[in-house]
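Asker: Coordinates in entry-v9.cif, mmCIF, C-alpha atoms, are listed below.
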```
data_query
loop_
_atom_site.label_atom_id
_atom_site.label_comp_id
_atom_site.auth_asym_id
_atom_site.auth_seq_id
_atom_site.Cartn_x
_atom_site.Cartn_y
_atom_site.Cartn_z
CA MET A 258 14.63 9.14 13.52
CA SER A 259 11.42 7.98 15.23
CA GLU A 260 10.44 4.31 15.27
CA THR A 261 7.63 5.09 12.81
CA LEU A 262 10.04 6.61 10.31
CA LYS A 263 12.56 3.80 10.80
CA ILE A 264 9.91 1.25 9.84
CA LEU A 265 8.80 3.31 6.84
CA ASN A 266 12.42 3.71 5.76
CA THR A 267 12.95 -0.06 5.84
CA LEU A 268 9.69 -0.80 4.05
CA THR A 269 10.21 1.72 1.25
CA GLN A 270 13.82 0.77 0.62
CA THR A 271 13.10 -2.95 0.32
CA ILE A 272 12.91 -3.93 -3.36
CA SER A 273 9.72 -5.91 -3.96
CA ILE A 274 7.94 -5.38 -7.27
CA SER A 275 4.73 -7.19 -8.16
CA GLY A 276 5.25 -10.93 -8.28
CA ASP A 277 8.51 -10.68 -6.30
CA GLU A 278 7.32 -9.47 -2.89
CA LYS A 279 9.06 -12.04 -0.69
CA ASN A 280 11.50 -9.60 0.92
CA VAL A 281 8.93 -7.03 1.97
CA GLY A 282 6.59 -9.85 3.01
CA LYS A 283 9.25 -11.03 5.47
CA CYS A 284 9.49 -7.48 6.84
CA MET A 285 5.74 -7.31 7.32
CA ALA A 286 5.63 -10.66 9.12
CA GLN A 287 8.43 -9.51 11.42
CA TYR A 288 6.68 -6.23 12.24
CA LEU A 289 3.22 -7.77 12.75
CA GLU A 290 4.23 -10.84 14.77
CA PRO A 291 4.71 -9.15 18.20
CA TYR A 292 1.15 -7.78 18.19
CA CYS A 293 -0.96 -10.72 17.03
CA ASP A 294 -1.88 -14.30 17.83
CA ASP A 295 -0.92 -15.79 14.48
CA ILE A 296 0.58 -14.96 11.08
CA VAL A 297 -1.27 -16.35 8.05
CA TYR A 298 -0.59 -16.28 4.31
CA ASP A 299 -2.54 -16.85 1.15
CA ASN A 300 -0.92 -19.01 -1.52
CA LEU A 301 0.46 -15.99 -3.43
CA GLY A 302 2.36 -14.50 -0.49
CA SER A 303 -0.09 -12.01 1.04
CA VAL A 304 0.56 -11.82 4.80
CA PHE A 305 -1.73 -11.00 7.75
CA GLY A 306 -1.45 -10.77 11.50
CA VAL A 307 -4.51 -12.28 13.20
CA LYS A 308 -5.91 -11.08 16.50
CA LYS A 309 -8.37 -13.78 17.55
CA SER A 310 -11.58 -13.23 19.47
CA LYS A 311 -12.49 -15.47 22.38
CA LYS A 312 -15.92 -15.81 20.82
CA GLU A 313 -16.59 -18.91 18.73
CA ASN A 314 -17.54 -18.39 15.08
CA ALA A 315 -16.78 -14.69 15.42
CA LYS A 316 -17.25 -12.30 12.54
CA ARG A 317 -14.12 -11.34 10.61
CA VAL A 318 -12.76 -7.87 9.90
CA LEU A 319 -10.10 -7.51 7.20
CA VAL A 320 -7.79 -4.49 7.25
CA ILE A 321 -5.81 -4.72 4.04
CA THR A 322 -3.24 -2.80 2.04
CA HIS A 323 -0.76 -3.83 -0.63
CA MET A 324 3.01 -4.25 -0.38
CA ASP A 325 4.15 -4.62 -3.99
CA GLU A 326 5.70 -1.67 -5.83
CA SER A 327 5.86 -0.83 -9.51
CA GLY A 328 9.18 -1.46 -11.22
CA LEU A 329 10.99 -2.99 -14.16
CA MET A 330 11.70 -6.58 -15.20
CA ILE A 331 14.65 -7.52 -17.39
CA THR A 332 13.55 -9.31 -20.57
CA LYS A 333 16.77 -9.52 -22.59
CA ILE A 334 20.50 -8.96 -22.14
CA ASN A 335 22.05 -7.54 -25.30
CA ASP A 336 25.44 -8.40 -26.77
CA ASN A 337 26.81 -4.98 -25.73
CA GLY A 338 25.95 -5.63 -22.06
CA SER A 339 22.84 -3.49 -21.85
CA ALA A 340 19.46 -4.95 -20.92
CA GLU A 341 15.96 -4.48 -22.24
CA PHE A 342 13.00 -4.39 -19.88
CA ILE A 343 9.25 -4.21 -19.46
CA GLU A 344 7.34 -2.13 -16.94
CA ILE A 345 5.63 -3.96 -14.09
CA GLY A 346 2.75 -1.85 -12.81
CA LYS A 347 2.41 1.89 -13.26
CA ILE A 348 5.59 3.86 -13.96
CA ASN A 349 5.90 7.62 -14.33
CA LYS A 350 7.97 7.50 -17.52
CA GLN A 351 9.12 11.11 -17.37
CA TYR A 352 11.46 10.14 -14.51
CA LEU A 353 13.03 7.10 -16.21
CA PRO A 354 15.64 8.49 -18.66
CA GLY A 355 18.92 9.05 -16.83
CA SER A 356 17.66 7.61 -13.54
CA ARG A 357 19.70 5.33 -11.32
CA LEU A 358 18.45 1.78 -10.77
CA ARG A 359 18.77 -0.85 -8.10
CA VAL A 360 18.62 -4.29 -9.72
CA LYS A 361 17.67 -7.24 -7.49
CA THR A 362 19.52 -10.41 -8.45
CA LYS A 363 19.41 -13.87 -6.90
CA THR A 364 22.49 -13.06 -4.83
CA GLY A 365 22.06 -9.38 -3.99
CA GLU A 366 21.83 -6.01 -5.73
CA VAL A 367 23.56 -4.39 -8.69
CA ASN A 368 23.60 -0.67 -9.48
CA ALA A 369 22.68 0.47 -13.00
CA PHE A 370 21.05 3.36 -14.82
CA VAL A 371 18.61 3.98 -17.66
CA VAL A 372 19.87 5.39 -20.95
CA GLY A 373 17.88 6.53 -23.97
CA THR A 374 14.63 8.43 -24.32
CA GLU A 375 12.22 6.74 -26.74
CA LYS A 376 14.03 3.41 -26.74
CA MET A 377 15.38 2.98 -23.22
CA VAL A 378 17.73 0.27 -21.98
CA ILE A 379 19.50 -0.50 -18.71
CA ASP A 380 23.24 0.23 -18.62
CA PHE A 381 25.32 -1.75 -16.11
CA GLY A 382 28.60 -0.09 -16.99
CA THR A 383 29.62 -3.22 -18.90
CA TYR A 384 30.56 -3.73 -22.54
CA SER A 385 29.48 -7.30 -23.26
CA LYS A 386 26.73 -9.78 -22.43
CA GLU A 387 29.27 -11.95 -20.62
CA GLU A 388 30.29 -9.09 -18.32
CA THR A 389 26.68 -8.38 -17.37
CA LEU A 390 25.96 -12.05 -16.72
CA ALA A 391 29.05 -12.18 -14.52
CA LEU A 392 27.39 -9.59 -12.26
CA GLY A 393 24.68 -12.13 -11.54
CA VAL A 394 22.09 -10.39 -13.69
CA PHE A 395 19.63 -12.61 -15.55
CA VAL A 396 16.39 -12.33 -17.48
CA GLY A 397 13.47 -11.99 -15.07
CA ASP A 398 15.36 -9.97 -12.46
CA SER A 399 13.61 -7.01 -10.84
CA ALA A 400 14.71 -3.38 -10.89
CA VAL A 401 13.46 -0.20 -9.25
CA VAL A 402 14.42 3.43 -9.67
CA ASP A 403 16.65 4.40 -6.75
CA GLY A 404 14.88 6.81 -4.41
CA ALA A 405 16.26 7.30 -0.91
CA PHE A 406 14.01 7.90 2.09
CA VAL A 407 14.35 11.51 3.23
CA LYS A 408 12.40 13.65 5.72
CA VAL A 409 11.97 17.21 4.46
CA GLN A 410 10.27 19.49 6.97
CA LYS A 411 6.73 18.09 7.36
CA GLN A 412 7.04 15.65 4.47
CA CYS A 413 8.75 12.37 3.64
CA ILE A 414 10.12 11.67 0.17
CA SER A 415 11.01 8.22 -1.11
CA LYS A 416 10.41 5.56 -3.68
CA ALA A 417 7.52 3.18 -2.93
CA LEU A 418 5.66 5.40 -0.47
CA GLU A 419 2.46 4.72 -2.38
CA SER A 420 3.03 1.01 -1.76
CA ARG A 421 4.28 1.03 1.82
CA VAL A 422 2.48 3.79 3.77
CA GLY A 423 -0.50 1.44 4.12
CA CYS A 424 1.86 -1.28 5.38
CA LEU A 425 3.14 1.05 8.10
CA MET A 426 -0.40 1.98 9.08
CA ALA A 427 -1.35 -1.69 9.31
CA VAL A 428 1.57 -2.41 11.65
CA GLU A 429 0.84 0.59 13.85
CA LEU A 430 -2.86 -0.26 14.02
CA LEU A 431 -2.16 -3.76 15.27
CA LYS A 432 0.30 -2.33 17.80
CA ALA A 433 -2.30 0.21 19.02
CA VAL A 434 -4.99 -2.44 19.65
CA LYS A 435 -2.77 -5.26 20.91
CA ASP A 436 -4.27 -5.12 24.42
CA LYS A 437 -7.89 -4.74 23.26
CA GLU A 438 -10.44 -7.55 23.40
CA PHE A 439 -12.80 -7.77 20.41
CA ASP A 440 -15.85 -9.92 19.71
CA PHE A 441 -14.60 -10.34 16.13
CA ASP A 442 -11.44 -11.77 14.57
CA LEU A 443 -9.18 -9.02 13.24
CA TYR A 444 -6.96 -9.68 10.21
CA VAL A 445 -4.42 -6.92 9.48
CA GLY A 446 -1.81 -7.07 6.74
CA ALA A 447 -0.80 -6.67 3.13
CA CYS A 448 -1.49 -8.38 -0.17
CA VAL A 449 0.65 -8.97 -3.23
CA MET A 450 0.35 -7.99 -6.90
CA GLU A 451 -1.95 -4.99 -6.53
CA GLU A 452 -0.02 -2.92 -9.07
CA VAL A 453 -0.77 -5.45 -11.82
CA GLY A 454 -4.49 -5.78 -11.23
CA GLN A 455 -5.45 -6.31 -7.56
CA ARG A 456 -4.61 -10.01 -7.81
CA GLY A 457 -3.55 -10.49 -4.19
CA ALA A 458 -6.65 -8.71 -2.95
CA THR A 459 -8.71 -11.46 -4.58
CA THR A 460 -6.85 -14.35 -2.99
CA ALA A 461 -6.51 -12.62 0.39
CA THR A 462 -10.25 -12.00 0.51
CA GLY A 463 -10.76 -15.65 -0.34
CA LEU A 464 -8.50 -16.58 2.57
CA VAL A 465 -10.24 -14.42 5.17
CA LYS A 466 -13.85 -14.28 3.90
CA PRO A 467 -14.46 -11.01 5.78
CA ASP A 468 -17.69 -9.57 7.12
CA LEU A 469 -16.23 -6.06 6.89
CA GLY A 470 -13.23 -4.63 5.06
CA VAL A 471 -11.00 -1.58 5.47
CA VAL A 472 -8.50 -0.70 2.72
CA LEU A 473 -5.41 1.36 3.61
CA GLY A 474 -3.15 3.26 1.26
CA CYS A 475 -2.42 6.39 -0.75
CA LYS A 476 -4.19 8.23 -3.54
CA LYS A 477 -2.87 10.77 -6.01
CA ALA A 478 -2.87 14.37 -4.77
CA LYS A 479 -3.41 17.46 -6.86
CA THR A 480 -0.16 19.02 -8.02
CA LEU A 481 1.20 22.45 -7.11
CA ASP A 482 0.04 23.73 -10.51
CA GLU A 483 -2.67 26.31 -9.78
CA LYS A 484 -4.59 25.12 -12.87
CA ASP A 485 -4.85 21.57 -11.52
CA GLN A 486 -8.50 21.00 -10.58
CA SER A 487 -7.88 17.61 -8.98
CA VAL A 488 -8.96 16.94 -5.40
CA GLY A 489 -6.84 15.82 -2.47
CA GLU A 490 -4.10 18.01 -1.01
CA LEU A 491 -1.08 17.32 1.16
CA GLY A 492 -1.38 18.65 4.70
CA LYS A 493 -5.19 18.75 4.77
CA GLY A 494 -5.84 15.48 6.61
CA LEU A 495 -7.02 12.00 5.66
CA LEU A 496 -9.06 11.32 2.53
CA VAL A 497 -12.73 10.42 2.83
CA SER A 498 -13.07 8.63 -0.50
CA PHE A 499 -16.69 8.56 -1.64
CA TYR A 500 -16.03 7.19 -5.14
CA ASP A 501 -13.38 5.39 -7.14
CA LYS A 502 -13.45 3.33 -10.31
CA GLY A 503 -13.58 0.02 -8.49
CA MET A 504 -15.83 0.57 -5.49
CA MET A 505 -18.85 2.50 -4.29
CA PRO A 506 -18.13 2.64 -0.54
CA ASN A 507 -20.65 1.54 2.04
CA ARG A 508 -22.52 4.69 3.09
CA GLY A 509 -22.85 3.61 6.69
CA LEU A 510 -19.08 3.18 6.95
CA LEU A 511 -18.45 6.49 5.22
CA ASP A 512 -20.74 8.31 7.66
CA ALA A 513 -19.07 6.57 10.60
CA LEU A 514 -15.62 7.69 9.46
CA VAL A 515 -16.73 11.31 9.08
CA GLN A 516 -18.42 11.22 12.49
CA ILE A 517 -15.21 9.94 14.11
CA CYS A 518 -13.22 12.75 12.46
CA LYS A 519 -15.68 15.34 13.80
CA GLU A 520 -15.79 13.92 17.32
CA GLU A 521 -12.01 13.45 17.57
CA ASP A 522 -11.16 16.73 15.82
CA ILE A 523 -9.33 14.90 13.01
CA ALA A 524 -8.74 16.81 9.78
CA TYR A 525 -10.27 15.20 6.69
CA GLN A 526 -11.06 16.03 3.08
CA HIS A 527 -13.56 14.54 0.67
CA TYR A 528 -12.02 12.73 -2.29
CA TYR A 529 -12.93 10.88 -5.46
CA SER A 530 -10.81 9.37 -8.23
CA MET A 531 -10.94 7.25 -11.37
CA ASP A 532 -8.32 4.84 -10.01
CA LEU A 533 -9.05 1.66 -8.09
CA ASN A 534 -7.47 -0.39 -5.32
CA GLU A 535 -7.97 -3.55 -3.28
CA GLY A 536 -11.49 -2.50 -2.36
CA ALA A 537 -12.56 -3.29 -5.92
CA TRP A 538 -12.39 -6.97 -5.00
CA VAL A 539 -12.76 -7.01 -1.22
CA HIS A 540 -16.25 -5.51 -1.32
CA LYS A 541 -17.74 -7.80 -3.98
CA LEU A 542 -16.32 -11.30 -3.59
CA PHE A 543 -18.56 -14.10 -2.30
CA ALA A 544 -21.70 -12.43 -0.85
CA GLY A 545 -19.84 -9.11 -0.58
CA CYS A 546 -18.96 -7.11 2.52
CA PRO A 547 -19.17 -3.42 3.50
CA THR A 548 -15.81 -1.84 2.74
CA LEU A 549 -14.16 1.49 3.55
CA ASN A 550 -11.05 3.31 2.29
CA VAL A 551 -8.77 5.02 4.82
CA SER A 552 -6.04 6.76 2.88
CA ILE A 553 -3.88 9.85 2.43
CA ALA A 554 -2.83 11.95 -0.54
CA ILE A 555 0.56 11.51 -2.18
CA GLN A 556 2.37 13.57 -4.80
CA ASN A 557 4.62 12.36 -7.65
CA ALA A 558 2.97 8.94 -7.58
CA TYR A 559 4.80 6.06 -9.27
CA SER A 560 8.16 7.81 -9.21
CA ALA A 561 11.27 7.65 -7.01
CA ILE A 562 10.36 10.98 -5.37
CA GLU A 563 6.89 10.30 -4.05
CA SER A 564 6.02 12.67 -1.20
CA MET A 565 3.60 12.45 1.74
CA ASP A 566 2.71 14.69 4.66
CA LEU A 567 3.24 13.26 8.15
CA TYR A 568 0.25 15.19 9.52
CA ASP A 569 -2.02 13.46 7.01
CA TYR A 570 -0.62 10.09 8.08
CA ASP A 571 -1.23 10.82 11.77
CA CYS A 572 -4.82 11.85 10.97
CA ALA A 573 -5.49 8.65 9.05
CA LYS A 574 -3.85 6.44 11.68
CA LYS A 575 -5.86 8.01 14.51
CA ALA A 576 -9.18 7.77 12.66
CA LEU A 577 -8.48 4.14 11.71
CA THR A 578 -7.56 3.18 15.26
CA VAL A 579 -10.66 4.79 16.77
CA PHE A 580 -12.85 3.16 14.13
CA VAL A 581 -11.52 -0.32 14.86
CA GLU A 582 -11.61 0.19 18.64
CA HIS A 583 -15.30 1.12 18.45
CA LEU A 584 -16.26 -1.84 16.27
CA ASN A 585 -18.25 -4.77 17.58
CA GLU A 586 -20.39 -7.57 16.19
CA GLU A 587 -23.58 -5.52 16.40
CA LYS A 588 -22.11 -2.59 14.48
CA ILE A 589 -20.66 -4.90 11.83
CA GLN A 590 -24.13 -6.32 11.27
CA GLU A 591 -25.58 -2.81 11.09
CA PHE A 592 -23.07 -1.87 8.39
CA LYS A 593 -23.97 -5.02 6.47
CA GLU A 594 -27.62 -4.03 6.55
CA SER A 595 -27.15 -0.27 5.99
CA ASN A 596 -27.71 -0.44 2.22
CA ARG A 597 -30.94 -2.45 2.46
#
```
Just give me the structure as structure tokens.

Answerer:
Amino acid sequence: MSETLKILNTLTQTISISGDEKNVGKCMAQYLEPYCDDIVYDNLGSVFGVKKSKKENAKRVLVITHMDESGLMITKINDNGSAEFIEIGKINKQYLPGSRLRVKTKTGEVNAFVVGTEKMVIDFGTYSKEETLALGVFVGDSAVVDGAFVKVQKQCISKALESRVGCLMAVELLKAVKDKEFDFDLYVGACVMEEVGQRGATTATGLVKPDLGVVLGCKKAKTLDEKDQSVGELGKGLLVSFYDKGMMPNRGLLDALVQICKEEDIAYQHYYSMDLNEGAWVHKLFAGCPTLNVSIAIQNAYSAIESMDLYDYDCAKKALTVFVEHLNEEKIQEFKESNR
């Protein structure tokens, strides 16, 4: 397994639902630290590697993704040993009944599974409340549907790909530019609590106060159903997202991304959606800043069998790296003025 896939395997298999991201945050800090000058956090747990410019009062570029995944939270342990739960973030409910779970407790993990259809509960293989408590399971514990990381031909399948592909791209970007000198400060990392309303994006933007933002991640692909008229396909390159529910992208940035793809012979596809991501807050807090999405398509979103195409990832990573390498203070100012 390549180093890239090893990192993605670790990131996807780390249980960290919204509000409980500490474990994956530690992974991100470990991966970012060798390639930056400093590691900084906001007060919710968002983590960024900082590559400092030698220039005083330099402009700031924020490259951000999110690291929390959707999951379940235990709300009650019943007398018969089963547990009730609520959904944290988006969950594809068709995959829940009969699925295996990994439950994160204060001392480790416990295996369980979901039973029921309309009224679903978590079954720990116990027969009383006391037996379940003895496993170390308590109200408030996190659970995720078990989905192993597997490479299948040109694709990868796993739980939490939607949440962790951007994290991988952030790490590999910082690694790619570690020997570059910029006239701006570069902040690269991941925020918390995106799945429950882009909360970490707000606090992270407040921490950095960027002059320019780039959001990394995944967006829902069209299915294999021939009647599906959605946009975004696996294997067709990175997504050039010109509209989503939360952000109208900066046109100057959008044109620059397309130009890079043409000059570097990078496959890309135009995309729009009615979802939103961190850009919804990054681009409009304080006085606002020009913001761009760099993302790839993903199938079976919010399930334990999310799938991505490695070619798409390579396209997005290359375009992102070239974009950042070509940035400078003058261009940042041009992007800020491009909508005037």

Asker: What would the selection look like, as a list in words, if the PyMOL selection byres ((chain A and resi 580) around 10) were run on the coordinates I just shared?

Answerer: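 Listing what the PyMOL selection byres ((chain A and resi 580) around 10) selects in the shown file: Leu510, Ala513, Leu514, Gln516, Ile517, Cys518, Lys574, Lys575, Ala576, Leu577, Thr578, Val579, Val581, Glu582, His583 and Leu584 of chain A.
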
Asker: Just to be explicit: take each residue in the selection above, keep C-alpha atoms, and write the result as a PDB file, in the frame of the given file.

Answerer:
```
ATOM      1  CA  LEU A 510     -19.080   3.180   6.950  1.00  0.00           C
ATOM      2  CA  ALA A 513     -19.070   6.570  10.600  1.00  0.00           C
ATOM      3  CA  LEU A 514     -15.620   7.690   9.460  1.00  0.00           C
ATOM      4  CA  GLN A 516     -18.420  11.220  12.490  1.00  0.00           C
ATOM      5  CA  ILE A 517     -15.210   9.940  14.110  1.00  0.00           C
ATOM      6  CA  CYS A 518     -13.220  12.750  12.460  1.00  0.00           C
ATOM      7  CA  LYS A 574      -3.850   6.440  11.680  1.00  0.00           C
ATOM      8  CA  LYS A 575      -5.860   8.010  14.510  1.00  0.00           C
ATOM      9  CA  ALA A 576      -9.180   7.770  12.660  1.00  0.00           C
ATOM     10  CA  LEU A 577      -8.480   4.140  11.710  1.00  0.00           C
ATOM     11  CA  THR A 578      -7.560   3.180  15.260  1.00  0.00           C
ATOM     12  CA  VAL A 579     -10.660   4.790  16.770  1.00  0.00           C
ATOM     13  CA  VAL A 581     -11.520  -0.320  14.860  1.00  0.00           C
ATOM     14  CA  GLU A 582     -11.610   0.190  18.640  1.00  0.00           C
ATOM     15  CA  HIS A 583     -15.300   1.120  18.450  1.00  0.00           C
ATOM     16  CA  LEU A 584     -16.260  -1.840  16.270  1.00  0.00           C
TER      17      LEU A 584
END
```

Asker: Name the residues captured by the PyMOL selection byres ((chain A and resi 472-487) around 6) when it is applied to the shown file; answer as a PyMOL selection string.

Answerer: chain A and resi 320-322+419+423+471+488-490+550-556

Asker: Which residue out of A:Leu491, A:Ala573, A:Met285, A:Met426 has the minimum interatomic distance to Cys413 of chain A when all atoms listed in the file are used?

Answerer: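 For Cys413 of chain A, the nearest of the given residues is A:Leu491.
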
Asker: Just how far from atom CA of Val428 of chain A is atom CA of Thr269 of chain A, in Å to one decimal?

Answerer: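 According to the coordinates, atom CA of Thr269 of chain A and atom CA of Val428 of chain A are separated by 14.1 Å.
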
Asker: What lies within 7 Å of segment 289-297 of chain A using only C-alpha atoms, ignoring chain neighbours under 3 positions off, as a PyMOL selection string?

Answerer: chain A and resi 285-286+304-309+428+431-432+435

Asker: Determine, for each residue of segment 312-357 of chain A having at least one atom at most 10 Å from an atom of segment 402-411 of chain A, the closest pair of atoms and their separation in Å to one decimal, counting all atoms listed in the file; order by chain and ascending number, as a Markdown table.

Answerer:
```
| residue | atom | partner | partner_atom | distance |
| --- | --- | --- | --- | --- |
| A:Ser327 | CA | A:Val402 | CA | 9.6 |
| A:Gly328 | CA | A:Val402 | CA | 7.3 |
| A:Leu329 | CA | A:Val402 | CA | 8.6 |
| A:Ile348 | CA | A:Val402 | CA | 9.8 |
| A:Tyr352 | CA | A:Val402 | CA | 8.8 |
| A:Leu353 | CA | A:Val402 | CA | 7.6 |
| A:Ser356 | CA | A:Val402 | CA | 6.6 |
| A:Arg357 | CA | A:Asp403 | CA | 5.6 |
```

Asker: Can you measure atom CA of Met324 of chain A to atom CA of Asn534 of chain A for me? One decimal in Å is fine.

Answerer: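 Distance reported for this atom pair: 12.2 Å.
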
Asker: Exactly which residues make up the result of the PyMOL selection byres ((chain A and resi 332-345) around 6) on this file, given as a list in words?

Answerer: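 So the PyMOL selection byres ((chain A and resi 332-345) around 6) ends up selecting Ser327, Gly328, Leu329, Met330, Ile331, Gly346, Val378, Ile379, Asp380, Thr383, Tyr384, Ser385, Lys386, Thr389 and Val396 of chain A.
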
Asker: Applying 12 Å and all atoms listed in the file, which residues near Gln351 of chain A remain after dropping the ones on its own chain fewer than 5 positions away? List them as a tab-separated table (two decimals) with C-alpha atoms, in the frame of the given file.

Answerer:
```
chain	number	residue	atom	x	y	z
A	356	SER	CA	17.66	7.61	-13.54
A	371	VAL	CA	18.61	3.98	-17.66
A	373	GLY	CA	17.88	6.53	-23.97
A	374	THR	CA	14.63	8.43	-24.32
A	375	GLU	CA	12.22	6.74	-26.74
A	377	MET	CA	15.38	2.98	-23.22
A	557	ASN	CA	4.62	12.36	-7.65
A	558	ALA	CA	2.97	8.94	-7.58
A	559	TYR	CA	4.80	6.06	-9.27
A	560	SER	CA	8.16	7.81	-9.21
A	561	ALA	CA	11.27	7.65	-7.01
```

Asker: Let me make sure I understand: among A:Leu358, A:Cys572, A:Val445, A:Ala427, which one has the smallest atom-to-atom distance to Lys519 of chain A if we use only C-alpha atoms?

Answerer: A:Cys572

Asker: Excluding same-chain residues fewer than 2 positions from Glu366 of chain A, what lies within 10 Å of it counting only C-alpha atoms, as a short mmCIF file (atom, residue, chain, number, x, y, z; two decimals) with C-alpha atoms, in the frame of the given file?

Answerer:
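Produced file result.cif, reproduced below:
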```
data_model
loop_
_atom_site.label_atom_id
_atom_site.label_comp_id
_atom_site.auth_asym_id
_atom_site.auth_seq_id
_atom_site.Cartn_x
_atom_site.Cartn_y
_atom_site.Cartn_z
CA ILE A 272 12.91 -3.93 -3.36
CA LEU A 358 18.45 1.78 -10.77
CA ARG A 359 18.77 -0.85 -8.10
CA VAL A 360 18.62 -4.29 -9.72
CA LYS A 361 17.67 -7.24 -7.49
CA THR A 362 19.52 -10.41 -8.45
CA LYS A 363 19.41 -13.87 -6.90
CA THR A 364 22.49 -13.06 -4.83
CA ASN A 368 23.60 -0.67 -9.48
CA ALA A 369 22.68 0.47 -13.00
CA LEU A 392 27.39 -9.59 -12.26
CA GLY A 393 24.68 -12.13 -11.54
CA VAL A 394 22.09 -10.39 -13.69
CA SER A 399 13.61 -7.01 -10.84
CA ALA A 400 14.71 -3.38 -10.89
#
```

Asker: Tell me which of A:Gln590, A:Gly382, A:Val515, A:Leu262 sits closest to Ile414 of chain A, counting only C-alpha atoms.

Answerer: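 Looking only at the distances to Ile414 of chain A, the closest residue turns out to be A:Leu262.
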
Asker: What does the distance between atom CA of Lys347 of chain A and atom CA of Val453 of chain A come to in Å, to one decimal place?

Answerer: 8.1 Å

Asker: Edge lengths and centre in Å to one decimal, as lines of an AutoDock Vina configuration file, of the axis-aligned box that encloses all listed atoms of segment 346-360 of chain A with 8 Å added on every side?

Answerer:
```
center_x = 11.1
center_y = 3.4
center_z = -13.4
size_x = 33.3
size_y = 31.4
size_z = 26.6
```

Asker: A:Ser420, A:Gln526, A:Ser415, A:Thr460: which is nearest Ile562 of chain A, counting all atoms listed in the file?

Answerer: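 Going through A:Ser420, A:Gln526, A:Ser415, A:Thr460 one by one, the smallest distance to Ile562 of chain A is for A:Ser415.
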
Asker: Can you fill out segment 490-501 of chain A with N, CA, C and O atoms and hand it back as a CSV table (one decimal), in the frame of the given file?

Answerer:
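The result, written out as out32.csv:
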```csv
chain,number,residue,atom,x,y,z
A,490,GLU,N,-5.3,17.2,-1.2
A,490,GLU,CA,-4.1,18.0,-1.0
A,490,GLU,C,-3.3,17.5,0.2
A,490,GLU,O,-3.8,17.0,1.2
A,491,LEU,N,-2.0,17.7,0.1
A,491,LEU,CA,-1.1,17.3,1.2
A,491,LEU,C,-1.3,18.3,2.3
A,491,LEU,O,-1.5,19.5,2.1
A,492,GLY,N,-1.3,17.8,3.5
A,492,GLY,CA,-1.4,18.6,4.7
A,492,GLY,C,-2.8,19.0,5.1
A,492,GLY,O,-3.0,19.8,6.0
A,493,LYS,N,-3.8,18.4,4.5
A,493,LYS,CA,-5.2,18.8,4.8
A,493,LYS,C,-5.9,17.6,5.5
A,493,LYS,O,-7.1,17.6,5.6
A,494,GLY,N,-5.2,16.6,5.9
A,494,GLY,CA,-5.8,15.5,6.6
A,494,GLY,C,-6.1,14.3,5.8
A,494,GLY,O,-5.7,14.2,4.6
A,495,LEU,N,-6.8,13.3,6.4
A,495,LEU,CA,-7.0,12.0,5.7
A,495,LEU,C,-8.1,12.2,4.6
A,495,LEU,O,-8.8,13.2,4.5
A,496,LEU,N,-8.1,11.3,3.6
A,496,LEU,CA,-9.1,11.3,2.5
A,496,LEU,C,-10.3,10.5,2.9
A,496,LEU,O,-10.2,9.3,3.2
A,497,VAL,N,-11.5,11.1,2.7
A,497,VAL,CA,-12.7,10.4,2.8
A,497,VAL,C,-13.2,10.2,1.4
A,497,VAL,O,-13.7,11.0,0.7
A,498,SER,N,-12.9,9.0,0.9
A,498,SER,CA,-13.1,8.6,-0.5
A,498,SER,C,-14.5,8.1,-0.7
A,498,SER,O,-14.8,7.0,-0.3
A,499,PHE,N,-15.3,8.9,-1.4
A,499,PHE,CA,-16.7,8.6,-1.6
A,499,PHE,C,-16.9,7.9,-3.0
A,499,PHE,O,-18.0,7.5,-3.3
A,500,TYR,N,-15.9,7.9,-3.8
A,500,TYR,CA,-16.0,7.2,-5.1
A,500,TYR,C,-14.7,6.9,-5.7
A,500,TYR,O,-13.7,7.7,-5.7
A,501,ASP,N,-14.5,5.7,-6.2
A,501,ASP,CA,-13.4,5.4,-7.1
A,501,ASP,C,-13.9,4.4,-8.2
A,501,ASP,O,-15.0,3.9,-8.1
```
